[in-house]
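Enquirer: For reference, this is query11.txt, and it has compact mmCIF, C-alpha atoms.
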# COMPACT_ATOMS: atom_id res chain seq x y z
CA MET T 1 38.36 -210.96 -136.37
CA VAL T 2 37.30 -212.09 -139.76
CA ASP T 3 37.10 -208.53 -140.97
CA GLU T 4 38.74 -207.55 -144.16
CA PRO T 5 41.24 -204.76 -143.57
CA THR T 6 38.94 -201.90 -142.76
CA PRO T 7 39.27 -198.92 -145.03
CA HIS T 8 41.07 -196.88 -142.43
CA THR T 9 43.35 -195.13 -144.82
CA GLN T 10 41.17 -194.77 -147.84
CA PRO T 11 37.59 -193.63 -147.65
CA PRO T 12 34.98 -193.80 -149.43
CA PRO T 13 34.07 -197.30 -148.24
CA ASP T 14 32.55 -199.99 -150.40
CA ALA T 15 29.75 -199.15 -152.74
CA GLU T 16 26.98 -200.65 -150.60
CA ASP T 17 27.83 -198.16 -147.89
CA VAL T 18 27.29 -195.15 -150.07
CA PRO T 19 23.99 -193.72 -148.94
CA GLU T 20 21.53 -191.68 -150.89
CA PRO T 21 22.60 -188.08 -151.26
CA VAL T 22 21.91 -185.92 -148.29
CA ALA T 23 19.82 -182.83 -148.66
CA ILE T 24 22.24 -180.34 -147.20
CA GLU T 25 19.58 -177.79 -146.43
CA GLU T 26 17.72 -180.37 -144.37
CA VAL T 27 20.79 -181.26 -142.37
CA TYR T 28 22.43 -177.96 -141.64
CA ALA T 29 19.77 -175.37 -141.89
CA ALA T 30 17.56 -174.48 -139.00
CA THR T 31 19.95 -176.28 -136.74
CA PRO T 32 21.61 -173.39 -135.01
CA ALA T 33 24.09 -174.72 -132.51
CA GLY T 34 22.22 -176.23 -129.63
CA ALA T 35 18.90 -176.77 -131.36
CA PRO T 36 18.03 -180.36 -130.55
CA THR T 37 16.94 -182.04 -133.77
CA HIS T 38 15.95 -181.06 -137.22
CA ASP T 39 12.77 -183.04 -136.70
CA SER T 40 11.48 -179.98 -134.97
CA THR T 41 11.52 -178.06 -138.20
CA HIS T 42 8.51 -180.10 -139.28
CA GLY T 43 6.28 -179.18 -136.40
CA GLY T 44 6.92 -175.82 -134.92
CA THR T 45 5.06 -172.83 -136.17
CA GLU T 46 2.48 -173.59 -138.78
CA ASP T 47 2.04 -170.23 -140.35
CA GLY T 48 1.26 -172.07 -143.54
CA THR T 49 1.32 -169.13 -145.93
CA ASP T 50 3.46 -169.61 -148.99
CA ALA T 51 5.20 -166.33 -148.45
CA ALA T 52 6.29 -167.35 -144.98
CA LYS T 53 7.48 -170.67 -146.31
CA ALA T 54 9.45 -169.08 -149.08
CA ASP T 55 10.86 -166.67 -146.57
CA GLN T 56 11.90 -169.50 -144.32
CA GLN T 57 13.48 -171.27 -147.25
CA ALA T 58 15.41 -168.19 -148.20
CA THR T 59 16.81 -167.77 -144.69
CA ARG T 60 17.68 -171.42 -144.67
CA ALA T 61 19.44 -171.26 -147.99
CA ALA T 62 21.32 -168.21 -146.81
CA ALA T 63 22.40 -169.99 -143.65
CA VAL T 64 23.59 -172.97 -145.65
CA GLU T 65 25.41 -170.71 -148.03
CA ALA T 66 27.14 -168.97 -145.12
CA MET T 67 28.10 -172.33 -143.68
CA ARG T 68 29.49 -173.43 -147.01
CA ARG T 69 31.54 -170.31 -147.39
CA ARG T 70 32.90 -170.56 -143.89
CA SER T 71 33.70 -174.22 -144.45
CA ALA T 72 35.58 -173.48 -147.67
CA GLU T 73 37.44 -170.70 -145.92
CA LEU T 74 38.51 -173.01 -143.12
CA PHE T 75 39.59 -175.71 -145.50
CA GLY T 76 41.56 -173.00 -147.26
CA VAL T 77 43.34 -172.21 -144.01
CA ARG T 78 44.14 -175.86 -143.54
CA ALA T 79 45.46 -176.24 -147.06
CA ASP T 80 47.49 -173.04 -147.01
CA PRO T 81 51.17 -173.92 -146.52
CA ASP T 82 51.67 -170.54 -144.83
CA SER T 83 49.22 -171.23 -142.02
CA THR T 84 50.69 -171.84 -138.61
CA GLU T 85 50.07 -175.04 -136.70
CA ALA T 86 47.81 -173.14 -134.30
CA GLU T 87 45.72 -171.69 -137.13
CA ARG T 88 45.28 -175.13 -138.65
CA TYR T 89 44.24 -176.52 -135.32
CA THR T 90 41.65 -173.80 -134.71
CA ALA T 91 40.30 -174.23 -138.23
CA ARG T 92 39.91 -177.95 -137.66
CA GLU T 93 38.16 -177.31 -134.39
CA GLU T 94 35.71 -174.95 -136.02
CA LEU T 95 35.14 -177.30 -138.94
CA VAL T 96 34.17 -180.06 -136.56
CA HIS T 97 31.60 -177.86 -134.89
CA LEU T 98 30.36 -176.61 -138.22
CA HIS T 99 29.72 -180.10 -139.56
CA LEU T 100 28.49 -181.76 -136.40
CA PRO T 101 24.86 -181.56 -137.59
CA LEU T 102 25.85 -183.88 -140.43
CA VAL T 103 27.03 -186.48 -137.92
CA GLU T 104 23.84 -186.13 -135.93
CA HIS T 105 21.84 -186.55 -139.09
CA CYS T 106 23.70 -189.74 -139.99
CA ALA T 107 23.47 -191.10 -136.45
CA ARG T 108 19.76 -190.43 -136.36
CA ARG T 109 19.28 -192.87 -139.21
CA PHE T 110 20.52 -195.63 -136.92
CA ARG T 111 18.28 -194.82 -134.03
CA ASN T 112 16.27 -197.53 -132.31
CA ARG T 113 18.78 -200.22 -133.08
CA GLY T 114 19.84 -200.81 -129.54
CA GLU T 115 22.76 -198.45 -129.37
CA PRO T 116 22.52 -195.14 -127.55
CA PHE T 117 22.22 -192.17 -129.88
CA GLU T 118 25.10 -190.41 -128.11
CA ASP T 119 27.42 -193.32 -128.80
CA LEU T 120 26.55 -193.20 -132.47
CA VAL T 121 27.26 -189.49 -132.58
CA GLN T 122 30.61 -190.18 -130.94
CA VAL T 123 31.75 -192.78 -133.45
CA GLY T 124 30.26 -190.73 -136.27
CA THR T 125 32.35 -187.81 -135.10
CA ILE T 126 35.45 -189.95 -135.49
CA GLY T 127 34.40 -190.41 -139.11
CA LEU T 128 33.94 -186.65 -139.39
CA LEU T 129 37.44 -186.00 -138.02
CA LYS T 130 38.92 -188.44 -140.49
CA SER T 131 37.08 -186.79 -143.37
CA ILE T 132 38.15 -183.31 -142.31
CA ASP T 133 41.76 -184.45 -142.18
CA ARG T 134 41.61 -186.03 -145.60
CA PHE T 135 39.31 -183.71 -147.48
CA ASP T 136 40.82 -182.09 -150.51
CA SER T 137 38.83 -179.05 -151.59
CA GLU T 138 40.67 -178.98 -154.92
CA ARG T 139 38.62 -181.95 -156.10
CA GLY T 140 35.54 -179.80 -156.25
CA VAL T 141 33.18 -182.06 -154.30
CA GLU T 142 30.94 -180.89 -151.54
CA PHE T 143 32.38 -181.75 -148.13
CA SER T 144 29.14 -183.37 -146.95
CA THR T 145 29.15 -185.61 -150.03
CA TYR T 146 32.65 -186.67 -149.15
CA ALA T 147 32.13 -187.06 -145.42
CA THR T 148 28.78 -188.84 -145.30
CA PRO T 149 30.04 -192.26 -146.46
CA THR T 150 32.91 -192.10 -144.01
CA ILE T 151 30.65 -191.15 -141.12
CA ILE T 152 28.09 -193.80 -142.01
CA GLY T 153 30.90 -196.31 -142.49
CA GLU T 154 32.24 -195.53 -139.05
CA ILE T 155 28.80 -195.98 -137.49
CA LYS T 156 28.26 -199.26 -139.32
CA ARG T 157 31.66 -200.43 -138.18
CA HIS T 158 30.63 -199.64 -134.64
CA PHE T 159 27.58 -201.86 -135.01
CA ARG T 160 29.64 -204.60 -136.53
CA ASP T 161 32.38 -204.55 -133.93
CA LYS T 162 30.68 -203.42 -130.78
CA GLY T 163 27.03 -204.19 -131.28
CA TRP T 164 27.55 -207.91 -131.06
CA ALA T 165 27.99 -209.03 -127.52
CA ILE T 166 29.80 -212.12 -128.73
CA ARG T 167 32.18 -211.98 -131.63
CA VAL T 168 30.43 -213.56 -134.61
CA PRO T 169 32.10 -214.17 -137.98
CA ARG T 170 31.27 -211.51 -140.47
CA ARG T 171 29.80 -214.08 -142.88
CA LEU T 172 27.20 -214.93 -140.24
CA GLN T 173 26.58 -211.30 -139.36
CA GLU T 174 25.77 -210.62 -142.96
CA LEU T 175 23.65 -213.73 -143.32
CA ARG T 176 21.82 -212.64 -140.20
CA MET T 177 21.05 -209.27 -141.74
CA GLN T 178 19.92 -210.93 -144.93
CA ILE T 179 17.65 -213.22 -142.95
CA THR T 180 16.14 -210.27 -141.14
CA SER T 181 15.32 -208.37 -144.31
CA THR T 182 14.12 -211.43 -146.19
CA THR T 183 11.95 -212.45 -143.25
CA ALA T 184 10.25 -209.08 -143.33
CA GLU T 185 9.66 -209.39 -147.06
CA LEU T 186 8.34 -212.94 -146.94
CA THR T 187 6.13 -212.17 -143.96
CA GLN T 188 4.47 -209.52 -146.11
CA GLN T 189 4.12 -211.84 -149.06
CA LEU T 190 2.88 -214.90 -147.20
CA GLY T 191 0.89 -213.26 -144.47
CA ARG T 192 2.68 -215.37 -141.85
CA SER T 193 6.21 -215.83 -140.73
CA PRO T 194 8.29 -217.83 -143.22
CA THR T 195 9.84 -221.23 -142.63
CA PRO T 196 13.59 -221.73 -142.78
CA ARG T 197 13.14 -223.65 -146.03
CA GLU T 198 11.38 -220.70 -147.63
CA LEU T 199 14.09 -218.37 -146.39
CA ALA T 200 16.81 -220.64 -147.73
CA GLU T 201 15.14 -220.75 -151.14
CA SER T 202 14.74 -217.01 -151.22
CA ILE T 203 18.29 -216.21 -150.10
CA GLY T 204 19.87 -219.06 -151.99
CA CYS T 205 21.56 -221.00 -149.23
CA THR T 206 20.88 -224.18 -147.29
CA VAL T 207 18.45 -224.66 -144.42
CA GLU T 208 21.45 -225.48 -142.22
CA GLU T 209 22.95 -222.10 -142.90
CA ILE T 210 19.67 -220.40 -142.03
CA VAL T 211 19.50 -222.24 -138.73
CA GLU T 212 23.08 -221.20 -138.05
CA GLY T 213 22.29 -217.62 -138.96
CA LEU T 214 19.27 -217.55 -136.68
CA GLU T 215 21.34 -218.93 -133.87
CA SER T 216 24.01 -216.30 -134.31
CA GLY T 217 21.34 -213.67 -133.96
CA ASN T 218 20.97 -214.62 -130.35
CA ALA T 219 24.50 -213.44 -129.79
CA TYR T 220 23.72 -209.98 -131.03
CA SER T 221 22.38 -208.40 -127.96
CA THR T 222 22.82 -209.36 -124.38
CA LEU T 223 21.31 -206.14 -123.20
CA SER T 224 19.31 -206.20 -120.04
CA LEU T 225 15.60 -206.74 -120.48
CA ASP T 226 15.27 -203.50 -118.62
CA ALA T 227 17.28 -201.58 -121.21
CA GLY T 228 15.52 -198.60 -122.66
CA ASP T 229 14.23 -198.49 -126.21
CA ASP T 230 16.80 -195.87 -127.06
CA SER T 231 14.64 -193.35 -128.72
CA ASP T 232 16.09 -189.89 -128.56
CA ASP T 233 14.73 -188.97 -125.20
CA GLY T 234 16.18 -192.24 -123.86
CA ALA T 235 15.95 -192.86 -120.16
CA ALA T 236 12.61 -194.62 -120.03
CA THR T 237 13.23 -198.28 -119.32
CA MET T 238 10.73 -201.06 -119.41
CA LEU T 239 10.33 -200.97 -115.66
CA ASP T 240 9.37 -197.33 -115.95
CA ALA T 241 6.71 -198.28 -118.43
CA ILE T 242 5.13 -200.96 -116.29
CA GLY T 243 2.04 -199.61 -114.64
CA VAL T 244 1.14 -199.63 -111.01
CA GLU T 245 -2.34 -199.95 -109.66
CA ASP T 246 -3.97 -196.58 -109.81
CA GLU T 247 -5.75 -196.04 -106.56
CA SER T 248 -7.65 -193.04 -107.81
CA ILE T 249 -9.38 -195.28 -110.34
CA ALA T 250 -10.50 -197.64 -107.62
CA GLN T 251 -11.99 -194.65 -105.88
CA VAL T 252 -13.99 -193.48 -108.85
CA GLU T 253 -16.86 -195.65 -107.81
CA VAL T 254 -16.73 -194.46 -104.22
CA ARG T 255 -16.65 -190.88 -105.36
CA GLU T 256 -19.63 -191.40 -107.61
CA SER T 257 -21.70 -193.04 -104.91
CA ILE T 258 -20.84 -190.45 -102.31
CA LYS T 259 -21.97 -187.58 -104.53
CA PRO T 260 -25.72 -187.87 -103.84
CA LEU T 261 -25.02 -188.33 -100.15
CA LEU T 262 -23.01 -185.12 -100.04
CA ALA T 263 -25.74 -183.33 -101.86
CA GLY T 264 -28.16 -184.38 -99.14
CA LEU T 265 -26.12 -182.78 -96.34
CA GLU T 266 -27.07 -179.57 -94.63
CA PRO T 267 -25.16 -176.49 -95.73
CA ARG T 268 -23.34 -176.10 -92.43
CA GLU T 269 -22.17 -179.72 -92.39
CA LYS T 270 -21.06 -179.41 -95.96
CA LYS T 271 -19.08 -176.35 -95.11
CA ILE T 272 -17.36 -178.08 -92.21
CA LEU T 273 -16.35 -180.99 -94.46
CA LEU T 274 -15.04 -178.58 -97.04
CA LEU T 275 -12.98 -176.63 -94.53
CA ARG T 276 -11.65 -179.76 -92.88
CA PHE T 277 -10.76 -181.90 -95.88
CA PHE T 278 -10.22 -179.46 -98.72
CA ARG T 279 -8.76 -176.45 -96.97
CA ASN T 280 -7.06 -178.72 -94.42
CA MET T 281 -8.06 -176.53 -91.51
CA THR T 282 -7.88 -177.76 -87.94
CA GLN T 283 -11.01 -178.22 -85.93
CA SER T 284 -10.27 -175.12 -83.84
CA GLN T 285 -9.77 -173.02 -86.99
CA ILE T 286 -13.09 -174.26 -88.30
CA ALA T 287 -14.69 -173.49 -84.98
CA GLU T 288 -13.49 -169.92 -85.27
CA GLU T 289 -14.64 -169.63 -88.87
CA ILE T 290 -18.16 -170.82 -88.17
CA GLY T 291 -18.45 -169.41 -84.69
CA VAL T 292 -19.09 -172.54 -82.61
CA SER T 293 -16.92 -174.37 -80.12
CA GLN T 294 -14.23 -176.81 -81.24
CA MET T 295 -16.03 -179.59 -79.37
CA HIS T 296 -19.12 -178.88 -81.36
CA VAL T 297 -17.20 -179.03 -84.64
CA SER T 298 -15.72 -182.35 -83.59
CA ARG T 299 -19.15 -183.76 -82.79
CA LEU T 300 -20.64 -182.48 -86.03
CA LEU T 301 -17.80 -183.91 -88.07
CA THR T 302 -18.05 -187.33 -86.46
CA ARG T 303 -21.78 -187.37 -87.00
CA THR T 304 -21.53 -186.33 -90.65
CA LEU T 305 -18.86 -188.86 -91.42
CA THR T 306 -20.76 -191.68 -89.74
CA GLN T 307 -23.83 -190.67 -91.70
CA LEU T 308 -21.90 -190.77 -94.99
CA ARG T 309 -20.32 -194.10 -94.16
CA GLU T 310 -23.65 -195.65 -93.34
CA GLY T 311 -25.15 -194.22 -96.47
CA LEU T 312 -22.41 -195.82 -98.56
CA GLU T 313 -22.82 -199.17 -96.89
CA ASP T 314 -26.58 -199.11 -97.48
CA GLN T 315 -25.98 -198.56 -101.15
CA GLY T 316 -23.40 -201.31 -101.35
CA MET B 1 -2.98 -228.30 -115.50
CA THR B 2 -4.14 -230.71 -118.09
CA VAL B 3 -2.30 -233.91 -118.47
CA THR B 4 -0.73 -234.24 -121.86
CA ALA B 5 0.64 -237.63 -122.55
CA ALA B 6 3.67 -237.89 -124.74
CA PRO B 7 2.82 -239.73 -127.94
CA ALA B 8 3.07 -243.46 -127.57
CA GLY B 9 6.10 -245.19 -128.89
CA ARG B 10 9.77 -244.49 -129.01
CA PRO B 11 10.80 -240.82 -129.27
CA ASP B 12 12.43 -239.86 -132.55
CA VAL B 13 15.21 -237.92 -130.88
CA GLU B 14 16.65 -238.12 -127.40
CA LEU B 15 19.15 -235.86 -125.76
CA ARG B 16 20.87 -236.21 -122.42
CA LEU B 17 22.68 -233.25 -120.87
CA PRO B 18 24.03 -232.34 -117.47
CA ALA B 19 21.23 -230.76 -115.43
CA ASP B 20 22.84 -227.37 -115.43
CA GLY B 21 21.56 -224.05 -116.72
CA ALA B 22 24.60 -223.64 -118.93
CA TYR B 23 23.44 -226.50 -121.16
CA VAL B 24 19.93 -225.22 -121.73
CA SER B 25 21.08 -223.19 -124.71
CA VAL B 26 22.28 -226.42 -126.33
CA LEU B 27 18.83 -227.88 -125.84
CA ARG B 28 17.19 -224.77 -127.22
CA THR B 29 19.42 -224.82 -130.27
CA ALA B 30 18.81 -228.50 -130.89
CA THR B 31 15.07 -227.93 -130.62
CA ALA B 32 15.22 -225.06 -133.08
CA GLY B 33 17.21 -227.19 -135.49
CA LEU B 34 14.67 -229.99 -135.35
CA ALA B 35 11.76 -227.62 -135.83
CA ALA B 36 13.51 -226.01 -138.80
CA ARG B 37 13.73 -229.42 -140.44
CA LEU B 38 10.03 -229.96 -139.81
CA ASP B 39 9.36 -226.78 -141.75
CA PHE B 40 8.01 -224.83 -138.82
CA THR B 41 7.73 -221.09 -139.33
CA LEU B 42 10.23 -218.79 -137.64
CA ASP B 43 7.60 -217.66 -135.15
CA ASP B 44 6.80 -221.25 -134.22
CA ILE B 45 10.47 -222.01 -133.87
CA GLU B 46 10.94 -219.04 -131.59
CA ASP B 47 7.95 -220.16 -129.51
CA LEU B 48 9.35 -223.65 -129.23
CA ARG B 49 12.72 -222.35 -128.25
CA MET B 50 11.22 -220.32 -125.46
CA CYS B 51 8.98 -223.20 -124.34
CA VAL B 52 11.89 -225.56 -124.03
CA GLY B 53 13.84 -222.92 -122.14
CA GLU B 54 11.03 -222.37 -119.67
CA ALA B 55 10.38 -226.10 -119.32
CA SER B 56 14.04 -226.51 -118.48
CA ALA B 57 13.77 -223.71 -115.94
CA ILE B 58 10.90 -225.53 -114.22
CA VAL B 59 12.70 -228.86 -114.26
CA LEU B 60 16.12 -227.56 -113.28
CA ALA B 61 14.74 -225.73 -110.28
CA GLN B 62 13.96 -229.11 -108.75
CA ALA B 63 16.72 -231.26 -110.20
CA ASP B 64 19.14 -233.04 -107.91
CA GLN B 65 22.78 -232.12 -107.84
CA GLY B 66 24.60 -233.97 -110.59
CA ALA B 67 21.41 -235.26 -112.19
CA ASP B 68 20.84 -235.62 -115.92
CA LEU B 69 18.52 -233.49 -117.95
CA THR B 70 16.89 -235.63 -120.58
CA ALA B 71 14.88 -234.36 -123.49
CA ALA B 72 12.88 -236.51 -125.84
CA PHE B 73 11.33 -235.31 -129.08
CA TRP B 74 8.48 -236.75 -131.07
CA LEU B 75 8.47 -235.29 -134.54
CA ARG B 76 5.22 -235.08 -136.47
CA PRO B 77 4.70 -233.11 -139.65
CA ASP B 78 2.34 -230.72 -137.92
CA SER B 79 3.58 -230.73 -134.37
CA LEU B 80 6.56 -231.27 -132.16
CA THR B 81 6.20 -232.81 -128.72
CA VAL B 82 9.00 -232.49 -126.23
CA THR B 83 9.48 -233.89 -122.78
CA VAL B 84 12.09 -232.39 -120.53
CA ALA B 85 12.87 -234.39 -117.41
CA ALA B 86 15.41 -234.55 -114.64
CA GLY B 87 16.02 -236.62 -111.56
CA ALA B 88 14.63 -234.96 -108.46
CA ALA B 89 14.45 -236.54 -105.03
CA ASP B 90 11.37 -234.74 -103.81
CA PRO B 91 9.78 -232.75 -106.63
CA GLN B 92 6.92 -230.32 -106.08
CA ARG B 93 4.33 -229.21 -108.59
CA PRO B 94 5.24 -225.78 -109.88
CA ASP B 95 3.01 -222.95 -108.83
CA GLU B 96 0.50 -222.03 -111.54
CA ASP B 97 1.46 -218.41 -111.08
CA ASP B 98 5.06 -219.26 -111.73
CA PHE B 99 6.48 -217.09 -114.48
CA ALA B 100 8.02 -219.99 -116.37
CA TRP B 101 4.76 -221.92 -116.25
CA GLN B 102 2.79 -218.92 -117.47
CA VAL B 103 5.09 -218.47 -120.44
CA LEU B 104 5.02 -222.15 -121.22
CA THR B 105 1.25 -222.52 -121.18
CA THR B 106 0.84 -219.37 -123.23
CA LEU B 107 3.18 -220.44 -126.00
CA ALA B 108 2.68 -224.17 -126.17
CA SER B 109 -0.46 -225.68 -127.65
CA ASP B 110 -0.36 -228.12 -124.78
CA ALA B 111 1.74 -228.45 -121.66
CA SER B 112 1.74 -230.51 -118.51
CA VAL B 113 3.96 -231.36 -115.58
CA SER B 114 4.25 -234.72 -113.95
CA VAL B 115 5.94 -235.17 -110.61
CA GLU B 116 6.71 -238.54 -109.16
CA PRO B 117 9.24 -239.39 -106.54
CA GLY B 118 12.58 -239.37 -108.25
CA GLU B 119 11.60 -237.45 -111.37
CA VAL B 120 10.07 -234.20 -112.54
CA LYS B 121 8.95 -234.06 -116.15
CA VAL B 122 7.44 -231.37 -118.33
CA THR B 123 5.67 -232.39 -121.50
CA LEU B 124 4.84 -229.78 -124.10
CA ALA B 125 3.65 -229.72 -127.65
CA VAL B 126 3.77 -226.95 -130.19
CA ALA B 127 1.63 -227.23 -133.29
CA ALA B 128 2.96 -225.88 -136.54
CA THR B 129 1.14 -223.02 -138.18
CA PRO B 130 -0.41 -224.47 -141.34
CA LEU B 131 1.66 -223.09 -144.20
CA GLY B 132 -1.40 -222.21 -146.22
CA ALA B 133 -2.72 -220.03 -143.42
CA GLY B 134 -2.30 -216.33 -143.06
CA ARG B 135 -4.02 -213.23 -144.17
Rewrite the coordinates I just gave you, this time as structure tokens.

Expert:
Amino acid sequence: MVDEPTPHTQPPPDAEDVPEPVAIEEVYAATPAGAPTHDSTHGGTEDGTDAAKADQQATRAAAVEAMRRRSAELFGVRADPDSTEAERYTAREELVHLHLPLVEHCARRFRNRGEPFEDLVQVGTIGLLKSIDRFDSERGVEFSTYATPTIIGEIKRHFRDKGWAIRVPRRLQELRMQITSTTAELTQQLGRSPTPRELAESIGCTVEEIVEGLESGNAYSTLSLDAGDDSDDGAATMLDAIGVEDESIAQVEVRESIKPLLAGLEPREKKILLLRFFRNMTQSQIAEEIGVSQMHVSRLLTRTLTQLREGLEDQG
Amino acid sequence: MTVTAAPAGRPDVELRLPADGAYVSVLRTATAGLAARLDFTLDDIEDLRMCVGEASAIVLAQADQGADLTAAFWLRPDSLTVTVAAGAADPQRPDEDDFAWQVLTTLASDASVSVEPGEVKVTLAVAATPLGAGR
């Protein structure tokens, strides 16, 4: 491990980890326990009217306010020297549930990076637990402001420590990330993928280091080719996405060419075909329905089918 | 399968490895390093890396036990030609539908296989994207 001592004891992590402020309303509101994602707040009902929107906003704000109050209350319980151990424990429990949407929000920002969303929520929750244990409401900062860097830090640490299938020195991990972002930039600028020399000039290192960095990237993921793309709904793997031959498409032509032939049939023959192949009736049932003998139905069917077959072959 | 001849003359770089899948990554890395020095773009380098890997797959499938895998590189400013060869007692031409062959012919600007008693050899060339190109 080439890691510097990780900030286990003292959050907030290094400055680069501090993310843009989180819009609390976005995170907490309209996410009643169990509601899947806050993405759904975008779609949903499009009543459109300003009044409805304002109304929605008001309910949201109220919900957030209630959450805030409850959160402060619970932190109060935890800070109160008179609280019993059991009370503290219950308060902590409730705080975790209260702030879980924040973890999900943070984890969602790291989606599609090859790690299952659930895993990210798990490690993020560790960050949340740490923040709850260390939060000091006396300081007068919002809990989410305090917790977000810790949660994000925990998720980033997960990527750093677990994401790489082979342990790669941190210097290379960082170079690798730099290469990735610079490559994207240069590709835009140049209209083609950059050369290692161009990357080296842009990053300010040697071509050798770039080559080394690129090589280390191959150690990042040893996931199966069949691994899913890890969007929220998960599950779908590449094999699921590979198509199979669709027989119905092959039959489109046959169906089209048989149409005029069917149209040319006599009504009674048509009816027999319908009963036999679409209602799945037996020949004796058809016989009863039309009022002829089963033998007769059999003969008629055979004749009709032969006729259709010959018709198709003539066309072909 | 067209027959690509390796450029005449001595190769600029030669590499001999045990004919074992475990060493293919060394070959791939060496190839990438050479291409980086030729100022190939990242995409070209990635293509080359895959080509060499697939060429090795074709060659290794036929290689004799304990044989050597030899790679030779001809470096030109605008292209890199590689031959990957191994000793094989009774080599067969790879199937054109073979996955490795499909990948190879798709990525390389030119690729060919030669089989003679005692050796199987894949020759491939990847041309560099002109740096002025794009857009």

Enquirer: At a cut-off of 12 Å, list the chain B residues touching chain T, using all atoms listed in the file, as a ChimeraX atom specification.

Expert: /B:25-26,28-46,49,128-135

Enquirer: Hey, can you check how far CA of Val120 (chain B) sits from CA of Asp97 (chain B)?

Expert: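 Rounded to one decimal, the two atoms are 18.0 Å apart.
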
Enquirer: What's around Asp314 (chain T) at 12 Å? Count all atoms listed in the file, leave out sequence neighbours fewer than 5 positions away in its own chain, and write the answer as a ChimeraX atom specification.

Expert: /T:257-258,261,307-309

Enquirer: If you count all atoms listed in the file, which residues fall within 8 Å of region 62-70 of chain B, apart from same-chain ones fewer than 3 positions away, as a list in words?

Expert: Glu14, Leu15, Arg16, Leu17, Pro18, Ala19, Asp20, Ile58, Val59, Thr83, Val84, Ala85, Ala86, Gly87, Ala88, Ala89, Asp90, Pro91, Gln92 and Val120 of chain B

Enquirer: At what distance in Å, to one decimal, does CA of Ser112 (chain B) lie from CA of Glu54 (chain B)?

Expert: 12.4 Å

Enquirer: Rounded to one decimal place, report the CA of Val297 (chain T)-CA of Lys259 (chain T) distance in Å.

Expert: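 Separation between CA of Val297 (chain T) and CA of Lys259 (chain T): 22.2 Å.
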
Enquirer: Gly21 (chain B): which residues within 9 Å, counting only C-alpha atoms, same-chain residues fewer than 4 positions away excluded, as a PDB file with C-alpha atoms, in the frame of the given file?

Expert:
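Below you can see part.pdb, which holds the result:
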ATOM      1  CA  SER B  25      21.080-223.190-124.710  1.00  0.00           C
ATOM      2  CA  SER B  56      14.040-226.510-118.480  1.00  0.00           C
ATOM      3  CA  ALA B  57      13.770-223.710-115.940  1.00  0.00           C
ATOM      4  CA  LEU B  60      16.120-227.560-113.280  1.00  0.00           C
TER       5      LEU B  60
END

Enquirer: From the options T:Ala62, T:Val123, T:Cys106, T:Ile249, which residue's atoms come nearest to Asp161 (chain T), counting all atoms listed in the file?

Expert: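 Selected residue with least distance to Asp161 (chain T): T:Val123.
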